[in-house]
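Engineer: Below is structure.cif; it holds mmCIF, C-alpha atoms.
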data_entry
loop_
_atom_site.label_atom_id
_atom_site.label_comp_id
_atom_site.auth_asym_id
_atom_site.auth_seq_id
_atom_site.Cartn_x
_atom_site.Cartn_y
_atom_site.Cartn_z
CA MET A 1 88.56 15.31 114.25
CA THR A 2 91.60 13.87 112.57
CA ALA A 3 94.03 14.32 115.39
CA SER A 4 96.53 11.56 115.73
CA ILE A 5 100.00 10.82 116.88
CA SER A 6 102.38 8.87 114.78
CA ALA A 7 106.00 7.92 114.71
CA ARG A 8 107.94 8.19 111.53
CA GLY A 9 111.28 6.57 111.16
CA LEU A 10 111.79 5.95 114.83
CA PRO A 11 115.41 5.00 115.27
CA GLY A 12 115.63 2.10 117.62
CA SER A 13 112.02 1.06 117.49
CA ALA A 14 110.73 -2.42 117.21
CA PRO A 15 108.04 -2.90 114.59
CA ASP A 16 105.54 -4.24 117.07
CA ARG A 17 106.14 -1.60 119.65
CA ALA A 18 103.13 -0.02 121.26
CA ILE A 19 103.28 3.00 123.46
CA PRO A 20 102.32 2.58 127.11
CA ASP A 21 98.72 3.09 128.09
CA PHE A 22 99.37 6.12 130.27
CA LEU A 23 101.19 7.87 127.43
CA ALA A 24 98.48 7.10 124.90
CA ALA A 25 95.89 8.29 127.38
CA PHE A 26 97.70 11.58 127.88
CA TYR A 27 98.11 12.37 124.17
CA ARG A 28 94.53 11.33 123.50
CA ALA A 29 93.35 13.75 126.18
CA TYR A 30 95.71 16.51 125.00
CA LEU A 31 94.71 16.29 121.37
CA SER A 32 91.00 15.90 121.97
CA ARG A 33 91.01 18.63 124.66
CA ASP A 34 88.54 16.44 126.48
CA GLU A 35 88.19 17.79 129.99
CA THR A 36 86.97 14.49 131.41
CA LEU A 37 89.97 12.64 130.03
CA LEU A 38 92.31 15.37 131.21
CA GLN A 39 90.83 15.16 134.70
CA GLN A 40 91.67 11.45 134.68
CA ILE A 41 95.24 11.64 133.40
CA LEU A 42 96.56 14.82 135.04
CA HIS A 43 97.92 14.73 138.55
CA ASP A 44 96.34 17.27 140.90
CA ASP A 45 99.70 19.00 141.27
CA VAL A 46 100.81 18.75 137.64
CA GLU A 47 103.52 21.21 136.59
CA TRP A 48 103.07 22.36 133.01
CA LEU A 49 105.60 24.48 131.16
CA LEU A 50 105.57 25.62 127.54
CA MET A 51 108.80 27.51 127.02
CA GLY A 52 108.24 30.64 124.95
CA PRO A 53 107.35 34.37 125.05
CA ALA A 54 104.61 34.26 127.68
CA ASP A 55 104.19 38.03 127.67
CA GLN A 56 103.13 38.00 124.02
CA LEU A 57 101.34 34.68 123.63
CA ASP A 58 99.63 33.51 126.77
CA ILE A 59 99.79 29.85 125.82
CA TYR A 60 103.39 30.01 127.00
CA GLY A 61 104.67 29.96 130.50
CA ARG A 62 104.13 27.86 133.57
CA ARG A 63 100.88 26.43 134.88
CA ASN A 64 100.61 24.86 138.28
CA GLY A 65 97.94 22.33 139.10
CA LYS A 66 95.21 20.56 137.23
CA ALA A 67 92.77 23.46 136.99
CA GLU A 68 95.24 25.89 135.36
CA THR A 69 96.50 23.21 132.99
CA ILE A 70 93.04 22.16 131.88
CA GLU A 71 92.09 25.78 131.36
CA LEU A 72 95.14 26.23 129.14
CA ILE A 73 94.47 23.14 127.04
CA THR A 74 90.71 23.45 126.70
CA ARG A 75 90.20 27.21 126.62
CA ILE A 76 93.36 29.22 125.93
CA MET A 77 95.19 27.10 123.37
CA PRO A 78 92.13 26.68 121.11
CA CYS A 79 91.97 30.47 120.84
CA TYR A 80 95.21 30.27 118.89
CA PHE A 81 95.28 26.92 117.15
CA GLU A 82 94.07 23.37 117.04
CA ILE A 83 96.79 20.77 117.29
CA LEU A 84 96.23 18.14 114.64
CA ASP A 85 99.15 15.81 114.87
CA PHE A 86 102.34 14.94 116.67
CA GLU A 87 104.75 13.28 114.28
CA PHE A 88 107.37 11.76 116.51
CA GLU A 89 110.84 11.00 115.25
CA HIS A 90 111.96 9.88 118.69
CA LEU A 91 109.85 8.55 121.52
CA LEU A 92 111.79 7.45 124.59
CA VAL A 93 110.24 5.79 127.62
CA ASP A 94 112.35 5.20 130.70
CA GLY A 95 110.04 3.85 133.36
CA GLN A 96 107.56 6.66 133.90
CA ARG A 97 109.74 9.30 132.27
CA VAL A 98 109.20 10.10 128.63
CA ALA A 99 110.95 12.23 126.04
CA ALA A 100 109.60 12.89 122.58
CA TYR A 101 110.97 14.83 119.61
CA GLY A 102 109.27 15.57 116.36
CA ARG A 103 107.01 17.88 114.46
CA VAL A 104 103.77 19.34 115.66
CA ARG A 105 101.14 20.17 113.08
CA ALA A 106 98.38 22.59 113.90
CA ARG A 107 95.81 24.85 112.29
CA GLN A 108 95.58 28.46 113.31
CA ARG A 109 92.06 29.30 114.40
CA GLU A 110 91.97 32.89 113.18
CA THR A 111 93.33 32.34 109.69
CA GLY A 112 93.04 28.62 109.04
CA ARG A 113 96.74 28.63 108.25
CA ALA A 114 98.68 25.41 108.72
CA LEU A 115 101.43 25.56 111.32
CA CYS A 116 104.27 23.09 111.56
CA PHE A 117 107.16 23.30 113.96
CA ARG A 118 109.73 21.15 115.68
CA GLY A 119 109.38 20.49 119.35
CA ALA A 120 110.36 18.25 122.22
CA HIS A 121 108.31 17.05 125.15
CA PHE A 122 109.69 15.84 128.46
CA LEU A 123 107.07 14.17 130.64
CA ARG A 124 107.06 12.52 134.02
CA PHE A 125 104.27 10.32 135.26
CA GLU A 126 103.51 9.10 138.75
CA ASN A 127 101.25 6.11 139.08
CA GLY A 128 99.97 6.70 135.59
CA LYS A 129 99.17 10.38 136.18
CA LEU A 130 101.03 13.16 134.42
CA MET A 131 103.09 14.98 137.04
CA SER A 132 105.29 17.15 134.86
CA PHE A 133 105.18 18.33 131.26
CA ARG A 134 107.87 20.49 129.74
CA SER A 135 107.76 21.52 126.11
CA MET A 136 110.58 23.10 124.16
CA ALA A 137 110.23 24.27 120.58
CA ASP A 138 111.89 26.40 117.95
CA THR A 139 109.79 29.29 119.20
CA PHE A 140 111.24 31.91 116.86
CA ASP A 141 109.97 29.91 113.90
CA LEU A 142 106.66 29.16 115.59
CA VAL A 143 105.95 32.76 116.57
CA GLU A 144 106.69 33.90 113.01
CA GLN A 145 104.17 31.38 111.76
CA VAL A 146 101.59 32.46 114.33
CA VAL A 147 101.88 36.20 113.61
CA GLY A 148 102.19 35.56 109.88
CA HIS A 149 105.16 37.76 109.12
CA PRO A 150 108.91 37.84 109.68
CA ILE A 151 110.00 39.13 113.07
CA ASP A 152 112.11 42.24 113.09
CA ILE A 153 114.43 41.66 116.04
CA THR A 154 115.22 45.37 116.27
CA LYS A 155 111.62 46.18 117.25
CA ARG A 156 111.22 46.53 120.98
CA VAL A 157 108.18 45.83 123.06
CA GLU A 158 106.97 49.27 124.03
CA ARG A 159 106.34 49.88 127.69
CA VAL A 160 102.67 50.50 128.25
CA THR A 161 101.70 52.59 131.23
CA LEU A 162 98.27 51.67 132.46
CA VAL A 163 98.05 54.70 134.70
CA PRO A 164 99.27 58.03 133.29
CA GLU A 165 102.46 58.74 135.11
CA GLU A 166 101.59 62.37 135.70
CA ASP A 167 98.39 61.40 137.50
CA ALA A 168 98.65 61.13 141.19
CA LEU A 169 97.25 57.92 142.56
CA LEU A 170 94.22 58.48 144.67
CA ILE A 171 94.49 56.99 148.06
CA VAL A 172 91.18 56.56 149.72
CA MET B 1 131.46 19.32 138.04
CA ARG B 2 131.26 20.37 134.47
CA GLY B 3 129.56 17.93 132.19
CA ARG B 4 129.12 15.26 134.83
CA LEU B 5 125.92 13.36 135.21
CA PRO B 6 126.05 12.57 138.93
CA GLU B 7 122.38 12.52 139.72
CA LEU B 8 121.52 10.95 136.43
CA MET B 9 123.80 8.05 136.97
CA ALA B 10 122.11 7.40 140.28
CA ILE B 11 118.76 7.00 138.63
CA GLU B 12 117.89 3.42 138.06
CA CYS B 13 115.69 2.55 135.16
CA GLY B 14 112.28 1.62 136.40
CA PRO B 15 110.68 -1.55 135.16
CA ARG B 16 109.77 -1.23 131.53
CA ASP B 17 106.13 -0.50 131.43
CA TRP B 18 105.37 -1.61 127.92
CA ALA B 19 101.76 -2.34 128.17
CA THR B 20 100.11 -5.02 126.23
CA PRO B 21 99.07 -3.76 122.82
CA ILE B 22 96.50 -1.06 123.22
CA THR B 23 93.71 -2.66 121.33
CA GLU B 24 91.24 -0.01 122.31
CA ASN B 25 93.68 2.73 121.41
CA LYS B 26 94.45 1.84 117.83
CA ASP B 27 94.84 5.47 116.87
CA PHE B 28 97.78 5.67 119.18
CA ARG B 29 99.63 2.61 118.12
CA ILE B 30 102.92 3.55 116.55
CA SER B 31 102.87 3.12 112.84
CA LEU B 32 106.19 2.44 111.25
CA ALA B 33 104.98 2.55 107.68
CA GLY B 34 107.69 3.97 105.49
CA CYS B 35 110.33 3.45 108.09
CA VAL B 36 113.86 3.13 106.85
CA GLU B 37 115.07 1.58 110.04
CA THR B 38 112.67 -0.45 112.10
CA MET B 39 114.92 -2.72 114.12
CA MET B 40 116.03 -1.61 117.54
CA GLY B 41 119.71 -0.84 117.73
CA GLU B 42 121.94 -2.02 120.53
CA PRO B 43 120.97 -0.26 123.75
CA VAL B 44 123.40 2.45 124.69
CA SER B 45 124.91 2.24 128.16
CA ARG B 46 124.67 5.11 130.61
CA ALA B 47 128.46 5.10 130.72
CA SER B 48 128.60 5.77 126.97
CA VAL B 49 126.06 8.57 127.30
CA GLN B 50 128.04 10.10 130.14
CA SER B 51 131.33 9.89 128.21
CA PHE B 52 129.75 11.53 125.19
CA TYR B 53 128.18 14.22 127.34
CA GLU B 54 131.39 15.06 129.14
CA ALA B 55 133.20 15.33 125.83
CA LEU B 56 130.47 17.57 124.42
CA ALA B 57 130.47 19.75 127.53
CA SER B 58 134.23 20.20 127.22
CA ARG B 59 133.69 21.73 123.74
CA ASP B 60 137.04 20.16 122.85
CA PRO B 61 136.93 18.71 119.31
CA LEU B 62 139.80 16.33 120.06
CA ARG B 63 137.95 14.96 123.03
CA LEU B 64 134.63 14.74 121.22
CA ALA B 65 135.95 13.12 118.04
CA PRO B 66 136.19 9.53 119.38
CA HIS B 67 132.53 9.68 120.39
CA LEU B 68 131.27 10.52 116.90
CA ALA B 69 130.56 8.10 114.08
CA ASP B 70 132.24 9.01 110.80
CA ASP B 71 128.90 9.79 109.14
CA VAL B 72 127.30 11.48 112.15
CA GLU B 73 124.40 13.83 111.43
CA TRP B 74 123.95 16.94 113.57
CA LEU B 75 120.93 19.21 113.36
CA THR B 76 120.67 22.42 115.37
CA VAL B 77 117.24 23.92 114.90
CA GLY B 78 116.97 27.69 114.97
CA PRO B 79 117.07 30.93 112.96
CA ALA B 80 120.35 30.86 111.05
CA GLU B 81 120.09 34.61 110.34
CA ILE B 82 120.55 35.23 114.06
CA PHE B 83 122.57 32.19 115.09
CA SER B 84 124.85 31.39 112.19
CA PHE B 85 125.78 28.04 113.67
CA CYS B 86 122.24 26.67 113.35
CA GLY B 87 121.58 24.17 110.61
CA TYR B 88 122.37 20.66 109.45
CA ARG B 89 125.81 19.07 109.28
CA ARG B 90 126.89 15.66 108.19
CA GLY B 91 130.16 13.90 108.84
CA LYS B 92 132.63 14.02 111.67
CA ALA B 93 134.74 16.79 110.15
CA ALA B 94 131.77 19.11 109.67
CA VAL B 95 130.50 18.48 113.20
CA LEU B 96 133.91 19.05 114.77
CA ASP B 97 134.23 22.27 112.78
CA TYR B 98 130.86 23.32 114.16
CA ILE B 99 131.84 22.52 117.75
CA GLY B 100 135.41 23.77 117.56
CA ARG B 101 135.15 26.82 115.32
CA LEU B 102 131.69 27.98 114.23
CA MET B 103 129.90 27.96 117.54
CA PRO B 104 132.77 29.46 119.59
CA ALA B 105 132.96 32.29 117.06
CA THR B 106 129.51 33.36 118.25
CA LEU B 107 129.10 31.97 121.76
CA ALA B 108 131.59 30.97 124.41
CA ILE B 109 129.95 28.21 126.40
CA LYS B 110 130.67 28.72 130.11
CA ARG B 111 128.30 26.18 131.59
CA PHE B 112 126.73 23.08 130.09
CA GLU B 113 125.02 20.86 132.61
CA PRO B 114 122.29 18.26 132.41
CA ALA B 115 118.94 19.03 133.97
CA ASP B 116 117.12 15.88 132.93
CA ILE B 117 117.87 12.77 130.95
CA VAL B 118 115.85 9.94 129.45
CA ILE B 119 117.54 6.92 127.93
CA ASP B 120 115.67 4.31 125.94
CA GLY B 121 117.29 1.76 123.67
CA ASP B 122 119.93 3.38 121.52
CA THR B 123 118.77 6.95 122.15
CA ALA B 124 119.31 9.49 124.91
CA ALA B 125 117.37 12.72 125.41
CA ILE B 126 118.94 15.37 127.61
CA ILE B 127 117.81 18.80 128.76
CA ASN B 128 120.79 21.06 129.35
CA ASN B 129 121.23 24.23 131.34
CA VAL B 130 123.57 26.44 129.36
CA ALA B 131 125.32 29.69 130.16
CA ALA B 132 127.25 31.39 127.39
CA VAL B 133 128.87 34.69 126.56
CA ARG B 134 128.15 36.34 123.26
CA LYS B 135 131.49 37.02 121.61
CA ASP B 136 130.68 40.30 119.87
CA ASN B 137 129.13 42.18 122.79
CA GLY B 138 129.93 40.22 125.91
CA ARG B 139 126.29 39.63 126.78
CA ILE B 140 125.62 36.65 128.97
CA LEU B 141 123.00 34.22 127.75
CA SER B 142 121.30 31.70 130.00
CA TYR B 143 119.03 29.17 128.35
CA GLN B 144 118.02 25.53 128.11
CA THR B 145 118.52 23.21 125.19
CA ALA B 146 117.32 19.70 124.48
CA ILE B 147 119.39 17.20 122.55
CA PHE B 148 118.34 13.80 121.26
CA VAL B 149 121.31 11.57 120.53
CA VAL B 150 121.17 8.22 118.75
CA PHE B 151 124.11 5.90 119.37
CA SER B 152 125.52 2.99 117.43
CA ASP B 153 128.41 0.98 118.83
CA GLY B 154 128.79 3.58 121.55
CA LYS B 155 129.22 6.46 119.09
CA ALA B 156 126.79 9.21 118.23
CA VAL B 157 125.27 8.78 114.78
CA SER B 158 122.56 11.41 115.05
CA VAL B 159 122.23 14.50 117.22
CA LYS B 160 119.24 16.82 117.11
CA GLY B 161 119.19 19.93 119.24
CA LEU B 162 116.64 22.62 119.85
CA ALA B 163 116.00 25.48 122.23
CA ASP B 164 113.55 28.25 123.03
CA THR B 165 115.00 30.30 120.18
CA PHE B 166 112.79 33.35 120.69
CA ASP B 167 114.12 33.73 124.21
CA MET B 168 117.67 33.25 122.95
CA ALA B 169 117.16 35.92 120.29
CA GLU B 170 115.92 38.37 122.93
CA GLN B 171 118.97 37.73 125.04
CA VAL B 172 121.21 38.31 122.05
CA VAL B 173 119.69 41.67 121.12
CA GLY B 174 119.29 42.68 124.76
CA HIS B 175 115.65 43.74 124.69
CA ARG B 176 112.17 42.29 124.46
CA ILE B 177 111.35 41.71 120.81
CA ASP B 178 108.00 42.92 119.58
CA ALA B 179 106.78 39.94 117.58
CA ILE B 180 103.26 41.24 117.03
CA SER B 181 103.94 44.46 115.11
CA VAL B 182 104.34 44.06 111.39
CA PRO B 183 107.87 45.06 110.42
CA ASP B 184 108.34 48.25 108.46
CA ARG B 185 107.98 47.58 104.79
CA GLN B 186 111.38 47.50 103.23
CA VAL B 187 111.71 47.96 99.50
CA PRO B 188 114.87 46.40 98.14
CA LYS B 189 116.96 49.10 96.57
CA ASP B 190 117.91 46.95 93.64
CA VAL B 191 114.34 46.31 92.47
CA ILE B 192 113.48 48.30 89.41
CA ALA B 193 109.88 48.67 88.26
CA LEU B 194 109.54 48.08 84.56
#
Hey, can you dump this file as structure tokens for me?
Structural biologist:
Amino acid sequence: MTASISARGLPGSAPDRAIPDFLAAFYRAYLSRDETLLQQILHDDVEWLLMGPADQLDIYGRRNGKAETIELITRIMPCYFEILDFEFEHLLVDGQRVAAYGRVRARQRETGRALCFRGAHFLRFENGKLMSFRSMADTFDLVEQVVGHPIDITKRVERVTLVPEEDALLIV
Amino acid sequence: MRGRLPELMAIECGPRDWATPITENKDFRISLAGCVETMMGEPVSRASVQSFYEALASRDPLRLAPHLADDVEWLTVGPAEIFSFCGYRRGKAAVLDYIGRLMPATLAIKRFEPADIVIDGDTAAIINNVAAVRKDNGRILSYQTAIFVVFSDGKAVSVKGLADTFDMAEQVVGHRIDAISVPDRQVPKDVIAL
């Protein structure tokens, strides 16, 4: 696996700067999707939020707790794509709070297509464990790349009725 | 209070936790190969960040102007076909035109408040809660944005903003957008088969 994180052209970065251990550990676990590493770095009550259309791509939305987050990273996300690289343009560390901005490169599982989109991560650690992760991205661009065609904003999501409305519900 | 950073100013920076070089984590060491700028700029003060933020929240070009470097770069990521103000601008005049004319022509910002902030060196990253009214149809939009601002001598030299643009687009059109269905094939009327 060639996954890596890098920082290109970091404004305000010293040449010999290394990222803190807890941050490196998190991105290593995230990229490798290694459940053992994730168990070590995630707080039991981690709050995980990928902002995006959760009703159409189930990678998006909120996850509460370690089990849901690990399931997302190790099982659900790989169904869509494999993240290859975070190319950070900004990486800010303020105590145990972190903000990152850059490009994410990924490969779509179904088609092998390369995906590249801009995103930002806001993280909060407690005693070296990831307590909160919030990701924001140019989701319109990303969803177009994932579905492989331009999005027609006039198309509505059709309401799907799981039970025919004319059928009476049986009450036993 | 609009644009204030009350809780943020109360947050004290924790001790810098720059670990010793991560010898066993060489893959994760930051590589600055090809960097144009590798020296750390002067750290920006929280007071400067707050002043900039209050000026930005006011959406008043005259108030914002003193906080911008002459050659400031401003990038708003998003679909320009839906949000015409998205894109890249360079220079104080272009940025003030964006803040004072282009964006208000589409959205009237009613609320712009910080939800989280991280400051490190010369850069500040801020998550904002925004409420706006779409000018052409009066729809209210409620969304979050993130901005990363690099300062030099207390003035912004680079601003990069992004948001959950799919959610914003849905709020603009007023319905859930079907992203999965392939759009109807449209044949340009001016294409002539030879």
Engineer: Run the PyMOL selection byres ((chain B and resi 100-115) around 10) mentally over the shown coordinates, then write out the matched residues as a ChimeraX atom specification, using the chain letters and numbers from the document.
Structural biologist: /B:1-8,53-54,56-62,64,83-86,94-99,116-117,126-146
Engineer: Using the chain letters and residue numbers of this document, give as a ChimeraX atom specification the residues selected by the PyMOL selection byres ((chain A and resi 105) around 9).
Structural biologist: /A:82-87,103-104,106-107,114-117
Engineer: Do you have the CA of Glu68 (chain A)-CA of Asp45 (chain A) distance handy?
Structural biologist: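 So the two atoms, CA of Glu68 (chain A) and CA of Asp45 (chain A), lie 10.1 Å apart.
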Engineer: One number please: CA of Leu68 (chain B) to CA of Gly91 (chain B), in Å, one decimal.
Structural biologist: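 It comes out at 8.8 Å.
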Engineer: Applying 9 Å and all atoms listed in the file, which residues near Arg156 (chain A) remain after dropping the ones on its own chain fewer than 6 positions away? List them as a list in words.
Structural biologist: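 My list of contacting residues is His175, Arg176, Ile177, Asp178 and Ala179 of chain B.
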Engineer: For the structure provided, state which residues fall under the PyMOL selection byres ((chain B and resi 157-173) around 7), and present them as a ChimeraX atom specification.
Structural biologist: /A:51-53,136-140 /B:68-69,71-78,141,143-152,155-156,174-177
Engineer: Hey, can you spit out that residue selection with C-alpha atoms as a short mmCIF file (atom, residue, chain, number, x, y, z; two decimals), in the coordinates of the input?
Structural biologist:
data_model
loop_
_atom_site.label_atom_id
_atom_site.label_comp_id
_atom_site.auth_asym_id
_atom_site.auth_seq_id
_atom_site.Cartn_x
_atom_site.Cartn_y
_atom_site.Cartn_z
CA MET A 51 108.80 27.51 127.02
CA GLY A 52 108.24 30.64 124.95
CA PRO A 53 107.35 34.37 125.05
CA MET A 136 110.58 23.10 124.16
CA ALA A 137 110.23 24.27 120.58
CA ASP A 138 111.89 26.40 117.95
CA THR A 139 109.79 29.29 119.20
CA PHE A 140 111.24 31.91 116.86
CA LEU B 68 131.27 10.52 116.90
CA ALA B 69 130.56 8.10 114.08
CA ASP B 71 128.90 9.79 109.14
CA VAL B 72 127.30 11.48 112.15
CA GLU B 73 124.40 13.83 111.43
CA TRP B 74 123.95 16.94 113.57
CA LEU B 75 120.93 19.21 113.36
CA THR B 76 120.67 22.42 115.37
CA VAL B 77 117.24 23.92 114.90
CA GLY B 78 116.97 27.69 114.97
CA LEU B 141 123.00 34.22 127.75
CA TYR B 143 119.03 29.17 128.35
CA GLN B 144 118.02 25.53 128.11
CA THR B 145 118.52 23.21 125.19
CA ALA B 146 117.32 19.70 124.48
CA ILE B 147 119.39 17.20 122.55
CA PHE B 148 118.34 13.80 121.26
CA VAL B 149 121.31 11.57 120.53
CA VAL B 150 121.17 8.22 118.75
CA PHE B 151 124.11 5.90 119.37
CA SER B 152 125.52 2.99 117.43
CA LYS B 155 129.22 6.46 119.09
CA ALA B 156 126.79 9.21 118.23
CA GLY B 174 119.29 42.68 124.76
CA HIS B 175 115.65 43.74 124.69
CA ARG B 176 112.17 42.29 124.46
CA ILE B 177 111.35 41.71 120.81
#
Engineer: Return the single residue from B:Gln50, B:Ser45, B:Ser181, B:Thr123 that is closest to Lys155 (chain A), with distances computed using all atoms listed in the file.
Structural biologist: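 Answer, going by the shortest atom-to-atom distance: B:Ser181.
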Engineer: Closest to Thr36 (chain A) among A:Leu50, A:Thr74, A:His149, A:Gly61, using all atoms listed in the file?
Structural biologist: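 Looking only at the distances to Thr36 (chain A), the closest residue turns out to be A:Thr74.
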Engineer: So what do you get for CA of Val147 (chain A) versus CA of Gly112 (chain A), distance-wise?
Structural biologist: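 Atom-to-atom, CA of Val147 (chain A) and CA of Gly112 (chain A) are spaced 12.5 Å apart.
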Engineer: Within 12 Å of Ile180 (chain B), counting all atoms listed in the file, which residues show up once you throw out same-chain ones fewer than 5 positions away? Write them as a list in words, please.
Structural biologist: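 Everything that qualifies: Pro53, Asp55, Gln56, Leu57, Val143, Glu144, Gln145, Val146, Val147, Gly148, His149, Pro150, Ile151, Asp152, Ile153, Lys155, Arg156, Val157 and Glu158 of chain A.
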Engineer: Near Val93 (chain A), within 6 Å and counting only C-alpha atoms, which residues show up once chain neighbours fewer than 2 positions away are dropped, as a PyMOL selection string?
Structural biologist: (chain A and resi 97-98) or (chain B and resi 120)
Engineer: Give me the box for region 141-154 of chain B as lines of an AutoDock Vina configuration file, namely the centre and edge lengths in Å to one decimal of a box along x, y and z that holds every listed atom plus 4 Å on each side.
Structural biologist:
center_x = 123.1
center_y = 17.6
center_z = 123.7
size_x = 19.5
size_y = 41.2
size_z = 20.6
Engineer: Could you check which of B:Gly121, B:Glu81, B:Asp153, B:Pro183 is closest to Pro43 (chain B), using only C-alpha atoms?
Structural biologist: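 Residue with the minimum atom-to-atom distance to Pro43 (chain B): B:Gly121.
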Engineer: Name the closest residue to chain B among the candidates A:Gly95, A:Gly119, A:Gly65, A:Gly128; distances are taken between atoms, counting only C-alpha atoms.
Structural biologist: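 Ranked by minimum distance to chain B, first place goes to A:Gly95.
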Engineer: I'd like to know which of B:Gly41, B:Gly154, B:Pro66, B:Gly87 is closest to chain A, using only C-alpha atoms.
Structural biologist: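 Closest to chain A of all the choices is B:Gly41.
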Engineer: Output requested as a compact mmCIF listing (two decimals), in the coordinates of the input - region 97-117 of chain A, filled out with N, CA and C atoms.
Structural biologist:
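After the write, part-v2.txt holds the following:
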# COMPACT_ATOMS: atom_id res chain seq x y z
N ARG A 97 109.24 8.05 132.84
CA ARG A 97 109.74 9.30 132.27
C ARG A 97 109.81 9.14 130.76
N VAL A 98 109.37 10.17 130.08
CA VAL A 98 109.20 10.10 128.63
C VAL A 98 109.84 11.32 127.99
N ALA A 99 110.47 11.11 126.84
CA ALA A 99 110.95 12.23 126.04
C ALA A 99 110.53 11.99 124.60
N ALA A 100 110.06 13.01 123.95
CA ALA A 100 109.60 12.89 122.58
C ALA A 100 110.15 14.06 121.76
N TYR A 101 110.47 13.78 120.51
CA TYR A 101 110.97 14.83 119.61
C TYR A 101 110.29 14.63 118.27
N GLY A 102 109.87 15.70 117.68
CA GLY A 102 109.27 15.57 116.36
C GLY A 102 108.65 16.86 115.89
N ARG A 103 107.70 16.71 115.01
CA ARG A 103 107.01 17.88 114.46
C ARG A 103 105.58 17.92 114.99
N VAL A 104 105.15 19.12 115.25
CA VAL A 104 103.77 19.34 115.66
C VAL A 104 103.07 20.05 114.51
N ARG A 105 101.94 19.52 114.13
CA ARG A 105 101.14 20.17 113.08
C ARG A 105 99.88 20.73 113.71
N ALA A 106 99.54 21.93 113.31
CA ALA A 106 98.38 22.59 113.90
C ALA A 106 97.72 23.48 112.86
N ARG A 107 96.50 23.92 113.17
CA ARG A 107 95.81 24.85 112.29
C ARG A 107 95.44 26.07 113.11
N GLN A 108 95.85 27.23 112.58
CA GLN A 108 95.58 28.46 113.31
C GLN A 108 94.10 28.79 113.22
N ARG A 109 93.51 29.10 114.36
CA ARG A 109 92.06 29.30 114.40
C ARG A 109 91.64 30.54 113.60
N GLU A 110 92.39 31.62 113.76
CA GLU A 110 91.97 32.89 113.18
C GLU A 110 92.07 32.90 111.66
N THR A 111 93.09 32.26 111.13
CA THR A 111 93.33 32.34 109.69
C THR A 111 93.14 31.02 108.96
N GLY A 112 93.11 29.93 109.68
CA GLY A 112 93.04 28.62 109.04
C GLY A 112 94.38 28.16 108.52
N ARG A 113 95.41 28.95 108.76
CA ARG A 113 96.74 28.63 108.25
C ARG A 113 97.31 27.40 108.94
N ALA A 114 98.02 26.60 108.16
CA ALA A 114 98.68 25.41 108.72
C ALA A 114 99.97 25.84 109.40
N LEU A 115 100.19 25.31 110.58
CA LEU A 115 101.43 25.56 111.32
C LEU A 115 102.17 24.24 111.47
N CYS A 116 103.46 24.29 111.37
CA CYS A 116 104.27 23.09 111.56
C CYS A 116 105.60 23.51 112.17
N PHE A 117 105.91 22.91 113.29
CA PHE A 117 107.16 23.30 113.96
C PHE A 117 107.75 22.12 114.70
